[in-house]
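Colleague: Shown below is the structure under consideration.
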Amino acid sequence: MIIWEVIVPTFLIVFLGYAAGRAASFDLRSLSNLTLYVLTPSLVFHRLYVSRLDAGMIGRIAAYSGAIVAAMYLVSAAVSGWFKLREQDAVAFRLASALFNVGNMGLQVVVFAFGEQGLTYAAVMVVCHVLLTNTVGVFVAARASLDRRQALRQVFALPAVYAIALGFLLGHARVPLPPTLLRPVELLGNAAIPVNTALLGLQLSRSRAAENVRLAAVVAGLRLLLAPALGAILLRLMGFSGLPLRVLLLQTAMPSAVYSSILSQRYEANAALASAAVLVSTLLSALSLSALLLLLAG
């Protein structure tokens, strides 16, 4: 029942995006910017405004997000060293292992699995992951050659950073917002979830999995099996329980982020490997996420 209610609808949206990408030409950069600068910040602001999530929980989610990305990066660095990968391959391998698809796919799965209650925790984790991707991810992709000021400018240029602060402050101060302002923000936020999921399908329609299948399968194993196992340990150690634990663990089990391929392309790492890892891990996640959801429901 869970598979039909959560996994099948999610992958149907991904497939429709994939089919659309094969049938027509889309400007992925513009669509990605729309979700990053308009839809996702609207979702984050609205969820924090109406839910009034406490600052302590936001801080713990941020700490967990950093810890799990760091843990997966260290593991993937060790594995890539064991395989003796050349630098371009190693960078793509680490990015695809450490960065996971909390936005394009994770939000939709959380909504289907846990409804509106789980969405607030998931939205905060999405913002934290976007920040990590645009700082740590960029540094890794550029082999630490990017100027620190440039990286910081990128972080503070993201509207989602301010959406967290503004939604939290206005919500906790109980500042009433007129429906003429709040309703459009809510509608834009609601659009973020299906648009992000369809966008994943569009991006996958341009991926190539014929190359680097062996390494892509290793990345998929790290992402879909090891990451949730490490996540379960970290979440318990950090005091999470109940719905927050289940939401964050489900987010942690998501496949490789499409952005790992984008960064690999931008900084001349092995983009083909990163793309293959995204495609293979996304396909295999239909099985791994189904199993995890059954465990979480038990």
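For the structure tokens, the naming scheme is as follows: chains receive sequential letters (A, B, ...) according to their order of presentation, residues are indexed from 1 within each chain, and ligands are indexed from 1 in presentation order.
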Give me the residues within 10 Å of Asn190 of chain A as a list in words, counting only C-alpha atoms and dropping any in the same chain fewer than 3 places off.

Modeller: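 Using only C-alpha atoms, the neighbours found are Leu39, Thr40, Ser42, Leu43, His46, Pro184, Val185, Glu186, Leu187, Ile193, Pro194 and Val195 of chain A.
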
Colleague: Compile the contact shell of Asp54 of chain A as a PyMOL selection string: residues with an atom at most 12 Å away, counting only C-alpha atoms, same-chain residues fewer than 2 positions apart removed.

Modeller: chain A and resi 48-52+56-61+120-121+124+164-165+167-169+171-173

Colleague: Pick out the residues sitting within 10 Å of segment 22-25 of chain A, and hand them over as a list in words; count only C-alpha atoms, and ignore anything fewer than 3 positions along from it in its own chain.

Modeller: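 These residues fall inside the cut-off: Leu16, Gly17, Tyr18, Ala19, Leu28, Gly201, Leu202, Leu204, Ser205 and Arg206 of chain A.
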
Colleague: Go ahead and write the residues just picked, N, CA, C and O atoms, as a short mmCIF file (atom, residue, chain, number, x, y, z; two decimals), in the first residue's frame.

Modeller:
```
data_model
loop_
_atom_site.label_atom_id
_atom_site.label_comp_id
_atom_site.auth_asym_id
_atom_site.auth_seq_id
_atom_site.Cartn_x
_atom_site.Cartn_y
_atom_site.Cartn_z
N LEU A 16 7.01 11.56 -16.16
CA LEU A 16 6.40 12.56 -17.02
C LEU A 16 7.38 13.66 -17.38
O LEU A 16 7.42 14.14 -18.52
N GLY A 17 8.20 14.07 -16.40
CA GLY A 17 9.24 15.05 -16.68
C GLY A 17 10.27 14.51 -17.66
O GLY A 17 10.72 15.21 -18.58
N TYR A 18 10.63 13.23 -17.48
CA TYR A 18 11.59 12.58 -18.37
C TYR A 18 11.04 12.52 -19.80
O TYR A 18 11.74 12.84 -20.77
N ALA A 19 9.77 12.10 -19.93
CA ALA A 19 9.15 12.00 -21.25
C ALA A 19 9.06 13.36 -21.92
O ALA A 19 9.30 13.49 -23.13
N LEU A 28 16.67 24.23 -19.00
CA LEU A 28 16.79 23.72 -17.64
C LEU A 28 17.36 24.75 -16.68
O LEU A 28 17.00 24.78 -15.51
N GLY A 201 13.01 14.70 -13.63
CA GLY A 201 12.83 13.90 -14.84
C GLY A 201 13.41 14.57 -16.05
O GLY A 201 14.06 13.92 -16.91
N LEU A 202 13.22 15.88 -16.18
CA LEU A 202 13.81 16.63 -17.29
C LEU A 202 15.32 16.51 -17.30
O LEU A 202 15.95 16.30 -18.34
N LEU A 204 17.15 14.14 -15.87
CA LEU A 204 17.54 12.76 -16.13
C LEU A 204 17.45 12.42 -17.62
O LEU A 204 18.17 11.55 -18.11
N SER A 205 16.57 13.11 -18.34
CA SER A 205 16.43 12.84 -19.77
C SER A 205 17.69 13.19 -20.55
O SER A 205 17.87 12.75 -21.69
N ARG A 206 18.58 13.95 -19.92
CA ARG A 206 19.84 14.33 -20.57
C ARG A 206 21.05 13.59 -19.99
O ARG A 206 22.19 13.89 -20.32
#
```

Colleague: List the spatial neighbours of segment 94-103 of chain A as a PyMOL selection string - criterion: any atom at most 8 Å away, only C-alpha atoms, same-chain residues fewer than 5 positions off excluded.

Modeller: chain A and resi 69-73+76-77+80+122+125-126+129+133+137+140-141+193+196-197+219-220+222-223+251-261+274+277-278

Colleague: Considering only C-alpha atoms, state which residue in the set A:Ser285, A:Gln117, A:Ser290, A:Asn104 is at the smallest distance from Gln203 of chain A.

Modeller: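 That would be A:Asn104, the residue with the smallest distance to Gln203 of chain A.
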
Colleague: Which of these, A:Asn212, A:Asn270, A:Thr10, A:Thr135, has the shortest distance to Ala90 of chain A once you count only C-alpha atoms?

Modeller: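 Closest candidate: A:Asn270.
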
Colleague: Mind the document's chain letters and residue numbers, and return as a PyMOL selection string the residues of segment 71-178 of chain A that DSSP labels helix (DSSP H, G or I).

Modeller: chain A and resi 71-82+87-98+102-141+148-156+159-172

Colleague: Which residues are near Arg214 of chain A? Cut-off 12 Å, only C-alpha atoms, ignore same chain within fewer than 5 positions. Put them as a ChimeraX atom specification.

Modeller: /A:83,93,209,219-221,273,276-277,280-281

Colleague: Nearest to Leu287 of chain A: which of A:Ala232, A:Leu224, A:Ala198, A:Ala62 is it, counting only C-alpha atoms?

Modeller: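 The closest residue to Leu287 of chain A is A:Leu224.
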
Colleague: Have a look at atom CA of Arg86 of chain A and atom CA of Leu284 of chain A and let me know their distance in Å, one decimal.

Modeller: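 Between atom CA of Arg86 of chain A and atom CA of Leu284 of chain A the gap works out to 26.2 Å.
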
Colleague: Calculated over only C-alpha atoms, which of the candidates A:Cys128, A:Ala271, A:Pro228, A:Tyr37 has the smallest distance to Leu292 of chain A?

Modeller: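 For Leu292 of chain A, the nearest of the given residues is A:Pro228.
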
Colleague: Which polymer residues have any atom within 8 Å of an atom of Ala286 of chain A, counting only C-alpha atoms, with same-chain residues fewer than 3 positions away left out, as a PyMOL selection string?

Modeller: chain A and resi 7+11+282-283+289-290
